[in-house]
Amino acid sequence: MSAPQPRPEVFSVASYVGGESVLPGFEKPIKLSSNEGAFGPPPSALAALAATGKKLHRYPDGSSARLRAAIGEKFGLDPAKIVCGNGSDELLTLLIQAYGGPGTELIMSVHGFSIYEIAGKLAGCTILKAAERNLTTDVDAMLALVTPQTKMLFLANPNNPTGTLLPQSEMLRLRAGLREDILLVIDAAYSEYVDREDYDPGTALVDAGENTVMTRTFSKIFGLGGARLGWAYAPAPIVDVLNRMRAPFNVSVTAAAAGIAALGEPGWLEAGREHNTRARTRLEARLAQVGLKTHPSEANFILVDFGSPERAAAADMFLRSRGLIVRNVKSYGLPSCLRVTIGTDDECNLAAEALNAFVHG
Ligand code: PMP
């Protein structure tokens with residue numbers, strides 16, 4: 001008798017490898033590899049998390065009602081249109097399991113976020129990748145890929161790992177160019193960092209119809225990547241689908257408490273965004289002085305282009321030798337680049353100094 005075998009799709013993907021946090025020889029490496037918020041969580045979130053200890057024998061509220069109310073209040077959204085998840089990865093995956101599947105096509109950008117492809121392949125979808133223009137999503141290239149089998153289109157705005165942003169006029173053109181039965185998923189994981197008046201993270205498109213979902217996360221500006229907490233804002237029928245599909249208690253007591261407190265911390269979001277814009281602009285300027293090319297970013301990271309895969313690999317090794325971990329983006333098809341997260345001012349200074357030493361010796 002042969003051993004049990006999983007569905008063949010399982011072997012179509014490799015195990016996910018995230019940004020590392022361990023660097024042999026360094027007790028406290030500087031981790032600029034996972035786009036985590038520069039300041040971690042607000043102290044009030046840590047206090048709220050600690051206070052949950054006395055409730056840990058109880059299951060969480062399966063509907064995340066208090067958390068959804070807090071999100072709704074913070075962002076001016078109807079809590080009934082919100083579903084919370086174990087990171088936004090969970091919600092993205094559930095959407096694909098619900099609306100994708102064998103015989104369906106999923107469209108993404110060639111340097112779009114990796115989870116769409118991984119979850120899509122696991123669900124048996126065919127993945128179609130649209131070419132980009134200057135590392136930015138090209139709406140026409142995406143629309144040209146649509147066939148009768150297309151069921152979903154995923155777009156991170158800003159995108160990871162490129163950091164680029166599609167203007168609202170292009171988002172509207174994209175939605176208008178898609179059939180109504182195609183689900184548009186706007187992944188707004190980095191939305192809180194965007195410093196532009198005309199930016200909408202996706203709420204307007206969700207409210208405009210029944211075929212758009214926006215996903216968000218607490219892993220970035222709220223500094224709660226380790227808690228695993230994300231949310232989706234969606235029309236009622238999609239909320240219903242996600243609620244049927246998610247695990248009964250997918251958000252832990254600790255994650256919900258930390259999230260509610262983080263949302264309530266006055267000025268946290270604004271201070272994080274203000275720091276990010278300033279530190280990112282400064283790091284970009286310093287890297288330009290060093291002679292390194294960066295791509296314009298609206299997120300909390302910068303894609304640095306070293307011109308060749310060999311030079312990018314050498315820079316990666318050099319940074320590691322100085323205790324700095326950044327993200328190698330080979331698996332995204334960008335072998336000549338490294339992605340550097342915007343950390344604290346001290347961390348950004350160390351990254352700039354190390355890259356200067358790499359280039360000028
Ligand atoms: N979308 C994008 C574009 C991301 O970069 C990330 C995190 N790397 C996620 C979603 C997943 O975030 P979460 O921690 O909420 O699962």
# chains A, B, ... in the order shown; residues from 1 in each chain; ligands from 1
>>> select_by_dssp(residues="segment 93-262 of chain A", states="strand (DSSP E or B)", output="PyMOL selection string")
chain A and resi 105-109+126-130+132-133+136-137+150-156+183-187+212-217+230-233
>>> write_last_selection(atoms="C-alpha atoms", output="compact mmCIF listing (two decimals), in the first residue's frame")
# COMPACT_ATOMS: atom_id res chain seq x y z
CA GLU A 105 -8.01 32.14 -13.41
CA LEU A 106 -6.52 34.59 -10.93
CA ILE A 107 -4.83 37.74 -12.25
CA MET A 108 -2.05 39.55 -10.42
CA SER A 109 0.84 41.83 -11.32
CA THR A 126 -4.38 29.21 -12.86
CA ILE A 127 -2.25 32.27 -12.07
CA LEU A 128 -1.86 34.90 -14.78
CA LYS A 129 0.71 37.65 -14.22
CA ALA A 130 0.44 41.02 -15.92
CA GLU A 132 4.24 46.23 -15.17
CA ARG A 133 5.35 49.67 -16.26
CA THR A 136 3.98 49.79 -11.24
CA THR A 137 0.79 47.86 -11.93
CA THR A 150 -11.19 34.91 -14.76
CA LYS A 151 -12.72 34.95 -11.28
CA MET A 152 -10.39 37.13 -9.21
CA LEU A 153 -7.88 39.96 -9.55
CA PHE A 154 -5.48 40.83 -6.73
CA LEU A 155 -3.69 44.11 -6.31
CA ALA A 156 -1.69 45.41 -3.37
CA LEU A 183 -13.83 39.83 -7.59
CA LEU A 184 -11.30 42.65 -7.21
CA VAL A 185 -9.25 42.29 -4.03
CA ILE A 186 -7.46 45.46 -2.98
CA ASP A 187 -4.77 44.55 -0.47
CA THR A 212 -14.62 44.55 -4.42
CA VAL A 213 -12.96 43.65 -1.12
CA MET A 214 -10.30 45.57 0.79
CA THR A 215 -7.93 43.81 3.19
CA ARG A 216 -5.93 45.52 5.94
CA THR A 217 -3.49 44.50 8.66
CA GLY A 230 -5.94 41.49 9.90
CA TRP A 231 -9.35 42.50 8.60
CA ALA A 232 -11.39 42.70 5.45
CA TYR A 233 -13.97 45.31 4.49
>>> residues_near_ligand(ligand="ligand 1", cutoff="6 Å", atoms="only C-alpha atoms and all ligand atoms", output="PyMOL selection string")
chain A and resi 87-89+113+156+159-160+187+189+217+219+225+228-230
>>> write_last_selection(atoms="C-alpha atoms", output="PDB file, in the first residue's frame")
ATOM      1  CA  GLY A  87      -3.489  38.126   9.786  1.00  0.00           C
ATOM      2  CA  SER A  88      -4.714  39.436   6.462  1.00  0.00           C
ATOM      3  CA  ASP A  89      -3.004  36.405   4.889  1.00  0.00           C
ATOM      4  CA  PHE A 113       2.541  40.010  -3.365  1.00  0.00           C
ATOM      5  CA  ALA A 156      -1.693  45.413  -3.368  1.00  0.00           C
ATOM      6  CA  ASN A 159       2.473  47.018  -3.634  1.00  0.00           C
ATOM      7  CA  ASN A 160       4.973  44.799  -1.847  1.00  0.00           C
ATOM      8  CA  ASP A 187      -4.774  44.553  -0.467  1.00  0.00           C
ATOM      9  CA  ALA A 189      -1.635  46.341   3.995  1.00  0.00           C
ATOM     10  CA  THR A 217      -3.493  44.504   8.657  1.00  0.00           C
ATOM     11  CA  SER A 219       1.161  43.974  11.256  1.00  0.00           C
ATOM     12  CA  GLY A 225       2.867  41.364  13.242  1.00  0.00           C
ATOM     13  CA  ARG A 228      -1.470  37.940  13.704  1.00  0.00           C
ATOM     14  CA  LEU A 229      -4.366  40.268  13.113  1.00  0.00           C
ATOM     15  CA  GLY A 230      -5.937  41.493   9.900  1.00  0.00           C
TER      16      GLY A 230
END
>>> residues_around(residues="segment 247-256 of chain A", least_positions_apart="6", cutoff="7 Å", atoms="only C-alpha atoms", output="PyMOL selection string")
chain A and resi 49+52+60+62+67+85-86+227-229
>>> write_last_selection(atoms="C-alpha atoms", output="compact mmCIF listing (two decimals), in the first residue's frame")
# COMPACT_ATOMS: atom_id res chain seq x y z
CA LEU A 49 -2.33 42.13 25.92
CA THR A 52 -5.80 39.24 28.93
CA PRO A 60 -12.48 34.51 22.19
CA GLY A 62 -15.90 34.31 17.60
CA LEU A 67 -12.66 44.63 17.56
CA GLY A 85 -8.73 37.30 10.61
CA ASN A 86 -5.56 35.64 11.76
CA ALA A 227 -0.12 38.92 17.16
CA ARG A 228 -1.47 37.94 13.70
CA LEU A 229 -4.37 40.27 13.11
>>> closest_residue(among="A:Ala98, A:Leu263, A:Leu178, A:Ile115", to="Tyr16 of chain A", atoms="only C-alpha atoms")
A:Ile115
>>> select_by_dssp(residues="segment 35-273 of chain A", states="alpha helix (DSSP H)", output="ChimeraX atom specification")
/A:43-51,65-75,88-99,114-122,139-144,168-177,203-208,236-245,253-264,268-273
>>> closest_residue(among="A:Ala257, A:Val241, A:His111, A:Pro148", to="Lys55 of chain A", atoms="only C-alpha atoms")
A:Ala257
>>> closest_residue(among="A:Glu117, A:Asp200, A:Glu298, A:Glu310", to="Thr164 of chain A", atoms="only C-alpha atoms")
A:Glu298
>>> atom_distance(atom1="atom CA of Thr294 of chain A", atom2="atom CA of Trp268 of chain A")
27.7 Å
>>> closest_residue(among="A:Leu334, A:Leu166, A:Ala288, A:Leu91", to="Pro201 of chain A", atoms="only C-alpha atoms")
A:Leu166
>>> decode(residues="segment 299-332 of chain A", atoms="N, CA and C atoms", output="CSV table (one decimal), in the first residue's frame")
chain,number,residue,atom,x,y,z
A,299,ALA,N,5.4,53.2,0.6
A,299,ALA,CA,5.2,52.2,1.8
A,299,ALA,C,6.3,52.4,2.8
A,300,ASN,N,6.4,51.4,3.7
A,300,ASN,CA,7.4,51.5,4.8
A,300,ASN,C,8.7,50.7,4.4
A,301,PHE,N,9.0,50.7,3.1
A,301,PHE,CA,10.2,50.0,2.7
A,301,PHE,C,10.7,50.7,1.4
A,302,ILE,N,11.9,50.4,1.0
A,302,ILE,CA,12.5,50.9,-0.2
A,302,ILE,C,13.1,49.7,-1.0
A,303,LEU,N,12.8,49.7,-2.3
A,303,LEU,CA,13.5,48.7,-3.1
A,303,LEU,C,14.7,49.3,-3.7
A,304,VAL,N,15.9,48.7,-3.4
A,304,VAL,CA,17.2,49.3,-3.8
A,304,VAL,C,17.7,48.4,-5.0
A,305,ASP,N,18.0,49.1,-6.1
A,305,ASP,CA,18.5,48.3,-7.3
A,305,ASP,C,20.0,48.4,-7.4
A,306,PHE,N,20.6,47.2,-7.4
A,306,PHE,CA,22.1,47.1,-7.4
A,306,PHE,C,22.6,46.9,-8.8
A,307,GLY,N,21.7,46.8,-9.8
A,307,GLY,CA,22.1,46.7,-11.2
A,307,GLY,C,22.4,45.3,-11.7
A,308,SER,N,22.8,44.4,-10.8
A,308,SER,CA,23.0,43.0,-11.2
A,308,SER,C,22.7,42.1,-10.0
A,309,PRO,N,22.3,40.8,-10.3
A,309,PRO,CA,22.1,39.9,-9.2
A,309,PRO,C,23.3,39.7,-8.4
A,310,GLU,N,24.5,39.7,-9.0
A,310,GLU,CA,25.8,39.4,-8.3
A,310,GLU,C,26.0,40.5,-7.3
A,311,ARG,N,25.8,41.8,-7.7
A,311,ARG,CA,26.1,42.9,-6.8
A,311,ARG,C,25.0,42.9,-5.7
A,312,ALA,N,23.8,42.6,-6.0
A,312,ALA,CA,22.8,42.6,-5.0
A,312,ALA,C,23.1,41.5,-3.9
A,313,ALA,N,23.6,40.3,-4.4
A,313,ALA,CA,24.0,39.3,-3.5
A,313,ALA,C,25.1,39.7,-2.6
A,314,ALA,N,26.1,40.4,-3.2
A,314,ALA,CA,27.3,40.8,-2.5
A,314,ALA,C,26.9,41.9,-1.4
A,315,ALA,N,25.9,42.7,-1.8
A,315,ALA,CA,25.5,43.8,-0.8
A,315,ALA,C,24.8,43.1,0.3
A,316,ASP,N,24.0,42.1,0.0
A,316,ASP,CA,23.2,41.3,1.0
A,316,ASP,C,24.2,40.7,2.0
A,317,MET,N,25.3,40.1,1.5
A,317,MET,CA,26.3,39.5,2.4
A,317,MET,C,27.0,40.5,3.2
A,318,PHE,N,27.3,41.7,2.6
A,318,PHE,CA,28.0,42.7,3.3
A,318,PHE,C,27.2,43.3,4.4
A,319,LEU,N,25.9,43.5,4.2
A,319,LEU,CA,25.0,44.0,5.2
A,319,LEU,C,24.9,43.0,6.4
A,320,ARG,N,24.9,41.7,6.0
A,320,ARG,CA,24.8,40.7,7.1
A,320,ARG,C,26.1,40.7,7.9
A,321,SER,N,27.2,40.9,7.2
A,321,SER,CA,28.5,40.9,8.0
A,321,SER,C,28.5,42.1,9.0
A,322,ARG,N,27.6,43.0,8.8
A,322,ARG,CA,27.5,44.2,9.7
A,322,ARG,C,26.3,44.1,10.6
A,323,GLY,N,25.6,42.9,10.6
A,323,GLY,CA,24.5,42.7,11.5
A,323,GLY,C,23.2,43.2,11.0
A,324,LEU,N,23.1,43.5,9.7
A,324,LEU,CA,21.8,44.0,9.2
A,324,LEU,C,21.2,43.0,8.3
A,325,ILE,N,19.9,42.7,8.6
A,325,ILE,CA,19.1,41.8,7.7
A,325,ILE,C,18.1,42.6,6.9
A,326,VAL,N,18.3,42.5,5.5
A,326,VAL,CA,17.3,43.1,4.6
A,326,VAL,C,16.7,41.9,3.8
A,327,ARG,N,15.7,42.2,2.9
A,327,ARG,CA,15.0,41.2,2.2
A,327,ARG,C,15.6,41.0,0.8
A,328,ASN,N,16.0,39.8,0.6
A,328,ASN,CA,16.4,39.4,-0.8
A,328,ASN,C,15.1,39.1,-1.5
A,329,VAL,N,14.9,39.7,-2.7
A,329,VAL,CA,13.6,39.6,-3.4
A,329,VAL,C,13.8,38.8,-4.7
A,330,LYS,N,14.7,37.8,-4.6
A,330,LYS,CA,14.9,36.9,-5.8
A,330,LYS,C,13.6,36.2,-6.1
A,331,SER,N,12.9,35.7,-5.1
A,331,SER,CA,11.8,34.9,-5.3
A,331,SER,C,10.6,35.7,-6.0
A,332,TYR,N,10.7,37.0,-5.9
A,332,TYR,CA,9.7,37.9,-6.6
A,332,TYR,C,10.2,38.2,-8.0
